[in-house]
Amino acid sequence: MTLLFIAYDQFSTLANSDVYQFEDIVGRKIAAGASGSGTAQTLERLSKLAGIWGEFTPIYKGGTAAAEALQNGQVDGFQWLVSVPNSAVIELTAIKSIRMLDLDTPAKKYGFYEKYPFYLPGSLPEGAYEGKVKPVKTILMPTLLIAHKDVSQETIYAILKHVYAPEGHQAMRLVNQAAADMTIENGPKAFVIPLHRGAYKFWSEQGVEIPTYAMPVD
């Protein structure tokens, strides 16, 4: 149907760490996100393509627990695929000096975007953490609102009309600031799977170009 927000793959390590690039995680303990989560799957996918899966120890915790593990020296890195800014990272930067790894360079080197085209290349936004984290290139994942194809076209169309009306968008942002990513301009970032016919009608009316692979299917 539409983009909800953009998740940024944020791989933090302490500023005095000797982990400078993705391949340096070999032999380390890495907070990889909850088991089975998108965060953990992303780390596994990239490390398998890089040929280093099994050569580091994933610790399956995320959020505040993972940030505390990095702070206390229990892990050497903390990967977190979430919107920006994130509260766990904010809390970490209040206590420790950190830096983030460039994940876009290895992703391009190992064919990550070709293997998994639902990810996008991008960069950590300027000022995301009030200057405490230097912007780096990284992997982005659009977080989508999806619907079953049997939901009526009229219902999906009405939902999108309400969501993208000024008052609807304002209400969404009051619930979660990440909804600021929900703009007409960002809409095409959701076009990674076929659109619902109601969504196709809405986006067509907005004058947004819809690629062949995102056309509705019966």
# chains A, B, ... in the order shown; residues from 1 in each chain; ligands from 1
>>> closest_atom_pairs(of="range 139-193 of chain A", to="range 82-96 of chain A", cutoff="10 Å", atoms="only C-alpha atoms", output="tab-separated table")
residue	atom	partner	partner_atom	distance
A:Leu140	CA	A:Val82	CA	9.1
A:Met141	CA	A:Val82	CA	8.8
A:Pro142	CA	A:Ser83	CA	9.8
A:Thr143	CA	A:Val82	CA	9.4
A:Gln177	CA	A:Ser83	CA	9.4
A:Ala178	CA	A:Ser83	CA	6.4
A:Ala179	CA	A:Ser83	CA	9.7
A:Asp181	CA	A:Ser83	CA	9.6
>>> write_last_selection(atoms="N, CA, C and O atoms", output="PDB file, in the first residue's frame")
ATOM      1  N   LEU A 140      19.457   0.766   3.834  1.00  0.00           N
ATOM      2  CA  LEU A 140      18.125   1.194   4.229  1.00  0.00           C
ATOM      3  C   LEU A 140      17.113   0.106   3.891  1.00  0.00           C
ATOM      4  O   LEU A 140      17.282  -0.627   2.912  1.00  0.00           O
ATOM      5  N   MET A 141      16.085   0.015   4.720  1.00  0.00           N
ATOM      6  CA  MET A 141      14.986  -0.902   4.419  1.00  0.00           C
ATOM      7  C   MET A 141      13.661  -0.162   4.579  1.00  0.00           C
ATOM      8  O   MET A 141      13.358   0.339   5.661  1.00  0.00           O
ATOM      9  N   PRO A 142      12.875  -0.057   3.510  1.00  0.00           N
ATOM     10  CA  PRO A 142      11.549   0.537   3.636  1.00  0.00           C
ATOM     11  C   PRO A 142      10.642  -0.371   4.476  1.00  0.00           C
ATOM     12  O   PRO A 142      10.603  -1.585   4.258  1.00  0.00           O
ATOM     13  N   THR A 143       9.959   0.205   5.444  1.00  0.00           N
ATOM     14  CA  THR A 143       8.974  -0.523   6.238  1.00  0.00           C
ATOM     15  C   THR A 143       7.607  -0.205   5.650  1.00  0.00           C
ATOM     16  O   THR A 143       7.238   0.967   5.520  1.00  0.00           O
ATOM     17  N   GLN A 177       6.987   9.944  15.158  1.00  0.00           N
ATOM     18  CA  GLN A 177       7.657  10.925  14.327  1.00  0.00           C
ATOM     19  C   GLN A 177       8.240  10.303  13.059  1.00  0.00           C
ATOM     20  O   GLN A 177       8.458  10.984  12.056  1.00  0.00           O
ATOM     21  N   ALA A 178       8.495   8.985  13.105  1.00  0.00           N
ATOM     22  CA  ALA A 178       9.034   8.302  11.917  1.00  0.00           C
ATOM     23  C   ALA A 178       8.090   8.415  10.727  1.00  0.00           C
ATOM     24  O   ALA A 178       8.506   8.263   9.575  1.00  0.00           O
ATOM     25  N   ALA A 179       6.814   8.706  10.990  1.00  0.00           N
ATOM     26  CA  ALA A 179       5.851   8.846   9.902  1.00  0.00           C
ATOM     27  C   ALA A 179       6.147  10.054   9.035  1.00  0.00           C
ATOM     28  O   ALA A 179       5.519  10.237   7.983  1.00  0.00           O
ATOM     29  N   ASP A 181       8.505  10.218   7.213  1.00  0.00           N
ATOM     30  CA  ASP A 181       8.984   9.629   5.953  1.00  0.00           C
ATOM     31  C   ASP A 181       7.850   9.378   4.968  1.00  0.00           C
ATOM     32  O   ASP A 181       8.093   9.137   3.790  1.00  0.00           O
TER      33      ASP A 181
END
>>> select_by_dssp(residues="range 5-165 of chain A", states="strand (DSSP E)", output="JSON, numbers by chain")
{"A": [5, 6, 7, 8, 9, 10, 11, 12, 13, 14, 29, 30, 31, 57, 58, 59, 77, 78, 79, 80, 81, 82, 98, 99, 100, 120, 121, 122, 123, 137, 138, 139, 140, 141, 142, 143, 144, 145]}
>>> closest_residue(among="A:Ala32, A:Val75, A:Leu120, A:Met215", to="Gly63 in chain A", atoms="only C-alpha atoms")
A:Ala32
>>> closest_atom_pairs(of="range 54-161 of chain A", to="range 3-21 of chain A", cutoff="8 Å", atoms="only C-alpha atoms", output="JSON lines")
{"residue": "A:Leu70", "atom": "CA", "partner": "A:Thr13", "partner_atom": "CA", "distance": 7.2}
{"residue": "A:Gln71", "atom": "CA", "partner": "A:Leu14", "partner_atom": "CA", "distance": 7.8}
{"residue": "A:Asp76", "atom": "CA", "partner": "A:Thr13", "partner_atom": "CA", "distance": 6.3}
{"residue": "A:Gly77", "atom": "CA", "partner": "A:Thr13", "partner_atom": "CA", "distance": 4.7}
{"residue": "A:Phe78", "atom": "CA", "partner": "A:Ser12", "partner_atom": "CA", "distance": 5.1}
{"residue": "A:Gln79", "atom": "CA", "partner": "A:Phe11", "partner_atom": "CA", "distance": 4.2}
{"residue": "A:Trp80", "atom": "CA", "partner": "A:Gln10", "partner_atom": "CA", "distance": 5.2}
{"residue": "A:Leu81", "atom": "CA", "partner": "A:Asp9", "partner_atom": "CA", "distance": 4.2}
{"residue": "A:Val82", "atom": "CA", "partner": "A:Ala7", "partner_atom": "CA", "distance": 4.4}
{"residue": "A:Ser83", "atom": "CA", "partner": "A:Ala7", "partner_atom": "CA", "distance": 4.5}
{"residue": "A:Val84", "atom": "CA", "partner": "A:Tyr8", "partner_atom": "CA", "distance": 6.9}
{"residue": "A:Lys96", "atom": "CA", "partner": "A:Leu14", "partner_atom": "CA", "distance": 7.2}
{"residue": "A:Ser97", "atom": "CA", "partner": "A:Ala15", "partner_atom": "CA", "distance": 5.4}
{"residue": "A:Ile98", "atom": "CA", "partner": "A:Leu14", "partner_atom": "CA", "distance": 4.3}
{"residue": "A:Arg99", "atom": "CA", "partner": "A:Ala15", "partner_atom": "CA", "distance": 5.4}
{"residue": "A:Met100", "atom": "CA", "partner": "A:Ser12", "partner_atom": "CA", "distance": 4.5}
{"residue": "A:Leu101", "atom": "CA", "partner": "A:Phe11", "partner_atom": "CA", "distance": 5.6}
{"residue": "A:Asp102", "atom": "CA", "partner": "A:Gln21", "partner_atom": "CA", "distance": 6.8}
{"residue": "A:Leu103", "atom": "CA", "partner": "A:Asp9", "partner_atom": "CA", "distance": 7.8}
{"residue": "A:Leu124", "atom": "CA", "partner": "A:Tyr8", "partner_atom": "CA", "distance": 7.0}
{"residue": "A:Thr138", "atom": "CA", "partner": "A:Asp9", "partner_atom": "CA", "distance": 6.2}
{"residue": "A:Ile139", "atom": "CA", "partner": "A:Asp9", "partner_atom": "CA", "distance": 5.4}
{"residue": "A:Leu140", "atom": "CA", "partner": "A:Tyr8", "partner_atom": "CA", "distance": 4.7}
{"residue": "A:Met141", "atom": "CA", "partner": "A:Ala7", "partner_atom": "CA", "distance": 5.1}
{"residue": "A:Pro142", "atom": "CA", "partner": "A:Ile6", "partner_atom": "CA", "distance": 4.6}
{"residue": "A:Thr143", "atom": "CA", "partner": "A:Phe5", "partner_atom": "CA", "distance": 5.4}
{"residue": "A:Leu144", "atom": "CA", "partner": "A:Leu3", "partner_atom": "CA", "distance": 4.6}
{"residue": "A:Leu145", "atom": "CA", "partner": "A:Leu4", "partner_atom": "CA", "distance": 6.1}
>>> select_by_dssp(residues="range 15-131 of chain A", states="helix (DSSP H, G or I)", output="VMD selection string")
chain A and resid 22 to 25 38 to 50 63 to 71 87 to 93 104 to 109 112 to 115
>>> residues_around(residues="Ala214 in chain A", least_positions_apart="4", cutoff="7 Å", atoms="only C-alpha atoms", output="list of chain:residue names")
A:Phe191, A:Val192, A:Ile193, A:Pro194, A:Leu195, A:Ile210
>>> write_last_selection(atoms="all heavy atoms", output="PDB file, in the first residue's frame")
ATOM      1  N   PHE A 191       7.495   0.518  -3.466  1.00  0.00           N
ATOM      2  CA  PHE A 191       7.130  -0.279  -4.626  1.00  0.00           C
ATOM      3  C   PHE A 191       8.115  -1.433  -4.836  1.00  0.00           C
ATOM      4  O   PHE A 191       8.798  -1.525  -5.854  1.00  0.00           O
ATOM      5  CB  PHE A 191       7.064   0.596  -5.880  1.00  0.00           C
ATOM      6  CG  PHE A 191       6.068   1.722  -5.810  1.00  0.00           C
ATOM      7  CD1 PHE A 191       6.088   2.738  -6.748  1.00  0.00           C
ATOM      8  CD2 PHE A 191       5.105   1.774  -4.804  1.00  0.00           C
ATOM      9  CE1 PHE A 191       5.173   3.781  -6.698  1.00  0.00           C
ATOM     10  CE2 PHE A 191       4.183   2.825  -4.736  1.00  0.00           C
ATOM     11  CZ  PHE A 191       4.221   3.830  -5.683  1.00  0.00           C
ATOM     12  N   VAL A 192       8.194  -2.311  -3.853  1.00  0.00           N
ATOM     13  CA  VAL A 192       9.097  -3.461  -3.942  1.00  0.00           C
ATOM     14  C   VAL A 192       8.321  -4.765  -4.119  1.00  0.00           C
ATOM     15  O   VAL A 192       8.902  -5.817  -4.379  1.00  0.00           O
ATOM     16  CB  VAL A 192      10.008  -3.546  -2.698  1.00  0.00           C
ATOM     17  CG1 VAL A 192      10.950  -2.351  -2.658  1.00  0.00           C
ATOM     18  CG2 VAL A 192       9.204  -3.634  -1.407  1.00  0.00           C
ATOM     19  N   ILE A 193       6.999  -4.702  -3.942  1.00  0.00           N
ATOM     20  CA  ILE A 193       6.118  -5.837  -4.196  1.00  0.00           C
ATOM     21  C   ILE A 193       4.902  -5.279  -4.941  1.00  0.00           C
ATOM     22  O   ILE A 193       4.675  -4.068  -4.960  1.00  0.00           O
ATOM     23  CB  ILE A 193       5.668  -6.540  -2.891  1.00  0.00           C
ATOM     24  CG1 ILE A 193       4.994  -5.538  -1.936  1.00  0.00           C
ATOM     25  CG2 ILE A 193       6.854  -7.214  -2.213  1.00  0.00           C
ATOM     26  CD1 ILE A 193       4.437  -6.181  -0.685  1.00  0.00           C
ATOM     27  N   PRO A 194       4.085  -6.132  -5.573  1.00  0.00           N
ATOM     28  CA  PRO A 194       2.922  -5.618  -6.311  1.00  0.00           C
ATOM     29  C   PRO A 194       1.981  -4.810  -5.423  1.00  0.00           C
ATOM     30  O   PRO A 194       1.717  -5.171  -4.274  1.00  0.00           O
ATOM     31  CB  PRO A 194       2.253  -6.901  -6.819  1.00  0.00           C
ATOM     32  CG  PRO A 194       3.365  -7.888  -6.921  1.00  0.00           C
ATOM     33  CD  PRO A 194       4.267  -7.580  -5.760  1.00  0.00           C
ATOM     34  N   LEU A 195       1.487  -3.729  -5.961  1.00  0.00           N
ATOM     35  CA  LEU A 195       0.559  -2.872  -5.236  1.00  0.00           C
ATOM     36  C   LEU A 195      -0.851  -3.454  -5.222  1.00  0.00           C
ATOM     37  O   LEU A 195      -1.281  -4.134  -6.164  1.00  0.00           O
ATOM     38  CB  LEU A 195       0.502  -1.492  -5.902  1.00  0.00           C
ATOM     39  CG  LEU A 195       1.720  -0.580  -5.708  1.00  0.00           C
ATOM     40  CD1 LEU A 195       1.626   0.612  -6.660  1.00  0.00           C
ATOM     41  CD2 LEU A 195       1.809  -0.115  -4.270  1.00  0.00           C
ATOM     42  N   ILE A 210       4.829   4.078 -11.678  1.00  0.00           N
ATOM     43  CA  ILE A 210       4.802   2.759 -11.040  1.00  0.00           C
ATOM     44  C   ILE A 210       5.502   1.758 -11.942  1.00  0.00           C
ATOM     45  O   ILE A 210       5.087   1.548 -13.093  1.00  0.00           O
ATOM     46  CB  ILE A 210       3.353   2.313 -10.763  1.00  0.00           C
ATOM     47  CG1 ILE A 210       2.665   3.324  -9.829  1.00  0.00           C
ATOM     48  CG2 ILE A 210       3.326   0.916 -10.150  1.00  0.00           C
ATOM     49  CD1 ILE A 210       1.185   3.135  -9.680  1.00  0.00           C
TER      50      ILE A 210
END
>>> closest_residue(among="A:Tyr116, A:Tyr213, A:Trp53, A:Phe202", to="Ile156 in chain A", atoms="only C-alpha atoms")
A:Phe202
>>> residues_around(residues="Gly111 in chain A", least_positions_apart="5", cutoff="10 Å", atoms="only C-alpha atoms", output="number ranges by chain")
A: 46, 49-50, 106, 116-117
>>> write_last_selection(atoms="C-alpha atoms", output="PDB file, in the first residue's frame")
ATOM      1  CA  LEU A  46      25.297  -9.535   4.497  1.00  0.00           C
ATOM      2  CA  LEU A  49      27.559 -12.854   1.101  1.00  0.00           C
ATOM      3  CA  ALA A  50      30.828 -11.568   2.598  1.00  0.00           C
ATOM      4  CA  PRO A 106      30.390  -3.981   1.668  1.00  0.00           C
ATOM      5  CA  TYR A 116      17.987  -8.560  -1.903  1.00  0.00           C
ATOM      6  CA  PRO A 117      16.439  -5.759  -4.008  1.00  0.00           C
TER       7      PRO A 117
END
>>> residues_around(residues="Gly62 in chain A", least_positions_apart="2", cutoff="7 Å", atoms="only C-alpha atoms", output="PyMOL selection string")
chain A and resi 31-34+60+64-66+80
